[in-house]
Amino acid sequence: MITKKQTQVLDFIKVYMAKHSYAPSLEEIKKKFKLASVSTAHYYISKLQDAGFLNKEHNQPRAVSTVKAKQTVEIPILGAIAAGQPIEAIEIPDETITITRDEIGKQGKHYALRVQGSSMIDEGIFDGDIVVIRKQEVAENGQTVVAVIDDNQATLKKLYRENGKFRLQPANPTLFPIYRDEVEVRGVVVKIIRNLESQLDQGQSRDEKYVRKIDYSWDYRGEKTKSHTHGIHTYPAMFIPQVGRRLLETYSKEGDTICDIFCGSGSALVESRLIGRNAYGIDLNPLAIFLAKAKTTPINPQKLTKEYLALLDRVGKIKDNEIKRPDFKNIDFWFKDKVIVKLAKLKKAIREIKDETIQNFLMVAFSETVRYSSNTKTG
């Protein structure tokens, strides 16, 4: 398949070669068609080579030659087809595209439609693409079809027959299928033409379009990231608090309710509380919920200090025979024996605290202490 613009480039090359006995340069092609860059001209040459209309010897200037023309066919573009919500099926010849006959086969009549929507993205059909349709009134299960339903509404979907009904299945996990008792099939997709040229014609080569831009205002290196309760316990891929706060302040206001459905250890929840937002967190990991709850539950600092000092005094008085030594697989690999004893005493002392909020807070600190005092310090 070659598009209208590619056909124009090919015709220019043929005329130029007939006059000069050699091919035009990329710069001359760029100038002729007022392209944004030489890379755009190279794109057209590459597409013509891929389609079999040009030969090229690499690394040699002007080493382009035309090949024996393949049999082509003009396919009318009749309008748009919805890859999303169905739209009214109106067939109005718009323009044509040129396709080699071997791309679509010799059987049947064909037409083309421009795609609107994103319901077929998992089939490689994107908004703005062109689909070539072979006219036929029947289709096999799983084929991508032009289906007309209800009051002359057309849509592009995969067709399935189930229990006497038709299922029009989108290729997008965010969308639901359409079920109908009757469906009119107006053709089957036989080719997809990617919409790349519109970007190139707007003066953007691929190199020019994808330019990395760095916003250094999001760089928080050197900032304190363990303030408040953020540093009480490590957790995989913890949110930098300043990033969370900036997003919260940008997209919410004081008094709003925030729900973090993957809250982890609660960094976003802590920041929400600090700037006057109501916050809810959800996570599948019980440890994450325990950490987030402890980090966001208010505690009187004086009371916490008092319990902490009492805890230190109580730990020193616990005798070895008063504790139950924990026993789990490979415990001796992870911890030295004296560390096991000290941790068991500390846990016993924390569990004796009657205030549940303070006990939970100190158990989070205990969990981090267990990790830090292990033989690897990464467990």
# chains A, B, ... in the order shown; residues from 1 in each chain; ligands from 1
>>> residues_around(residues="A:His233", least_positions_apart="3", cutoff="10 Å", atoms="only C-alpha atoms", output="ChimeraX atom specification")
/A:226,229-230,265,291,295,364-369,371
>>> residues_around(residues="A:Ile81", least_positions_apart="5", cutoff="12 Å", atoms="only C-alpha atoms", output="PyMOL selection string")
chain A and resi 86-92+111-120+125-133+145-148+153-157+186-187+189
>>> residues_around(residues="A:Met238", least_positions_apart="3", cutoff="10 Å", atoms="only C-alpha atoms", output="ChimeraX atom specification")
/A:230,234-235,241,263-268
>>> write_last_selection(atoms="N, CA and C atoms", output="mmCIF file, in the first residue's frame")
data_model
loop_
_atom_site.group_PDB
_atom_site.id
_atom_site.type_symbol
_atom_site.label_atom_id
_atom_site.label_comp_id
_atom_site.auth_asym_id
_atom_site.auth_seq_id
_atom_site.Cartn_x
_atom_site.Cartn_y
_atom_site.Cartn_z
ATOM 1 N N HIS A 230 7.437 9.881 58.072
ATOM 2 C CA HIS A 230 7.859 9.240 56.819
ATOM 3 C C HIS A 230 9.043 8.299 57.016
ATOM 4 N N THR A 234 10.992 1.577 56.564
ATOM 5 C CA THR A 234 11.245 1.490 55.128
ATOM 6 C C THR A 234 10.129 0.692 54.455
ATOM 7 N N TYR A 235 9.993 0.905 53.138
ATOM 8 C CA TYR A 235 8.990 0.187 52.354
ATOM 9 C C TYR A 235 9.397 0.313 50.887
ATOM 10 N N PRO A 241 7.933 12.484 49.673
ATOM 11 C CA PRO A 241 6.836 13.285 50.236
ATOM 12 C C PRO A 241 6.580 14.587 49.488
ATOM 13 N N CYS A 263 -2.044 2.486 48.639
ATOM 14 C CA CYS A 263 -1.448 3.452 49.568
ATOM 15 C C CYS A 263 -0.071 3.060 50.068
ATOM 16 N N GLY A 264 0.323 1.787 49.948
ATOM 17 C CA GLY A 264 1.631 1.383 50.442
ATOM 18 C C GLY A 264 1.779 1.723 51.911
ATOM 19 N N SER A 265 2.913 2.313 52.273
ATOM 20 C CA SER A 265 3.156 2.625 53.685
ATOM 21 C C SER A 265 2.504 3.930 54.121
ATOM 22 N N GLY A 266 1.784 4.600 53.206
ATOM 23 C CA GLY A 266 0.977 5.750 53.619
ATOM 24 C C GLY A 266 1.592 7.118 53.428
ATOM 25 N N SER A 267 2.580 7.249 52.546
ATOM 26 C CA SER A 267 3.226 8.556 52.359
ATOM 27 C C SER A 267 2.231 9.623 51.913
ATOM 28 N N ALA A 268 1.386 9.290 50.927
ATOM 29 C CA ALA A 268 0.401 10.263 50.444
ATOM 30 C C ALA A 268 -0.634 10.575 51.520
#
>>> residues_around(residues="A:Leu10", least_positions_apart="5", cutoff="9 Å", atoms="only C-alpha atoms", output="list in words")
Lys5, Val15, Tyr44, Ile45, Leu48, Phe53, Leu54 and Thr66 of chain A
>>> write_last_selection(atoms="N, CA and C atoms", output="tab-separated table (two decimals), in the first residue's frame")
chain	number	residue	atom	x	y	z
A	5	LYS	N	0.39	10.80	-0.74
A	5	LYS	CA	1.65	11.55	-0.71
A	5	LYS	C	2.81	10.69	-1.20
A	15	VAL	N	9.78	10.97	-12.84
A	15	VAL	CA	9.96	12.07	-13.79
A	15	VAL	C	11.39	12.60	-13.72
A	44	TYR	N	9.63	8.78	3.47
A	44	TYR	CA	8.87	8.42	2.28
A	44	TYR	C	9.62	7.41	1.42
A	45	ILE	N	10.93	7.62	1.27
A	45	ILE	CA	11.73	6.68	0.49
A	45	ILE	C	11.68	5.29	1.12
A	48	LEU	N	8.39	3.59	0.42
A	48	LEU	CA	8.31	3.12	-0.97
A	48	LEU	C	9.18	1.89	-1.18
A	53	PHE	N	8.36	-0.49	-4.38
A	53	PHE	CA	8.35	0.41	-5.53
A	53	PHE	C	9.73	0.99	-5.83
A	54	LEU	N	10.64	0.92	-4.87
A	54	LEU	CA	11.98	1.46	-5.07
A	54	LEU	C	13.03	0.45	-4.61
A	66	THR	N	13.71	2.89	-9.54
A	66	THR	CA	12.36	2.34	-9.51
A	66	THR	C	12.40	0.89	-9.96
>>> atom_distance(atom1="atom CA of A:Arg134", atom2="atom CA of A:Asp122")
21.1 Å
>>> closest_residue(among="A:Val185, A:Leu311, A:Cys259, A:Ala23", to="A:Lys354", atoms="only C-alpha atoms")
A:Leu311
>>> residues_around(residues="A:Lys345", least_positions_apart="3", cutoff="12 Å", atoms="only C-alpha atoms", output="PyMOL selection string")
chain A and resi 311-326+338-342+348-352+366
>>> residues_around(residues="A:Leu247", least_positions_apart="5", cutoff="12 Å", atoms="only C-alpha atoms", output="MDAnalysis selection string")
chainID A and resid 218 239:242 252:253 258 268 271:272 275
>>> select_by_dssp(residues="stretch 222-374 of chain A", states="strand (DSSP E)", output="list in words")
Thr257, Ile258, Cys259, Asp260, Asn278, Ala279, Tyr280 and Gly281 of chain A
>>> residues_around(residues="A:Phe33", least_positions_apart="6", cutoff="12 Å", atoms="only C-alpha atoms", output="VMD selection string")
chain A and resid 5 to 6 8 to 10 12 to 13 26 to 27 40 to 41 44 200 to 201 203
>>> write_last_selection(atoms="N, CA and C atoms", output="CSV table (one decimal), in the first residue's frame")
chain,number,residue,atom,x,y,z
A,5,LYS,N,0.4,10.8,-0.7
A,5,LYS,CA,1.6,11.6,-0.7
A,5,LYS,C,2.8,10.7,-1.2
A,6,GLN,N,2.8,9.4,-0.8
A,6,GLN,CA,3.9,8.5,-1.3
A,6,GLN,C,3.8,8.4,-2.8
A,8,GLN,N,2.8,10.6,-4.9
A,8,GLN,CA,3.3,11.9,-5.4
A,8,GLN,C,4.9,11.8,-5.4
A,9,VAL,N,5.4,11.4,-4.3
A,9,VAL,CA,6.9,11.3,-4.2
A,9,VAL,C,7.4,10.3,-5.3
A,10,LEU,N,6.8,9.2,-5.5
A,10,LEU,CA,7.2,8.2,-6.5
A,10,LEU,C,7.1,8.7,-7.9
A,12,PHE,N,7.3,11.9,-8.7
A,12,PHE,CA,8.4,12.9,-8.8
A,12,PHE,C,9.7,12.2,-9.1
A,13,ILE,N,10.0,11.1,-8.5
A,13,ILE,CA,11.3,10.3,-8.7
A,13,ILE,C,11.3,9.8,-10.1
A,26,LEU,N,17.7,13.5,-1.3
A,26,LEU,CA,16.8,13.7,-0.3
A,26,LEU,C,16.5,15.2,-0.1
A,27,GLU,N,17.5,16.0,-0.2
A,27,GLU,CA,17.3,17.4,-0.1
A,27,GLU,C,16.4,18.0,-1.2
A,40,THR,N,12.2,13.4,6.9
A,40,THR,CA,10.8,13.2,6.4
A,40,THR,C,10.9,12.6,5.0
A,41,ALA,N,11.8,13.2,4.2
A,41,ALA,CA,12.0,12.6,2.8
A,41,ALA,C,12.5,11.2,2.9
A,44,TYR,N,9.6,8.8,3.5
A,44,TYR,CA,8.9,8.4,2.3
A,44,TYR,C,9.6,7.4,1.4
A,200,LEU,N,4.1,13.8,10.2
A,200,LEU,CA,5.2,14.2,9.4
A,200,LEU,C,4.9,15.5,8.6
A,201,ASP,N,3.6,15.5,8.0
A,201,ASP,CA,3.2,16.7,7.2
A,201,ASP,C,3.1,17.9,8.0
A,203,GLY,N,5.2,18.9,10.0
A,203,GLY,CA,6.5,19.5,10.2
A,203,GLY,C,7.3,18.9,11.3
>>> closest_residue(among="A:Asn172, A:Arg221, A:Gly276, A:Gly231", to="A:Glu249", atoms="only C-alpha atoms")
A:Gly276
>>> select_by_dssp(residues="stretch 71-253 of chain A", states="alpha helix (DSSP H)", output="PyMOL selection string")
chain A and resi 101-104+197-201+206-209+241-251
>>> atom_distance(atom1="atom CA of A:Ser217", atom2="atom CA of A:Arg277")
23.6 Å
>>> atom_distance(atom1="atom CA of A:Asp256", atom2="atom CA of A:Asn278")
6.1 Å
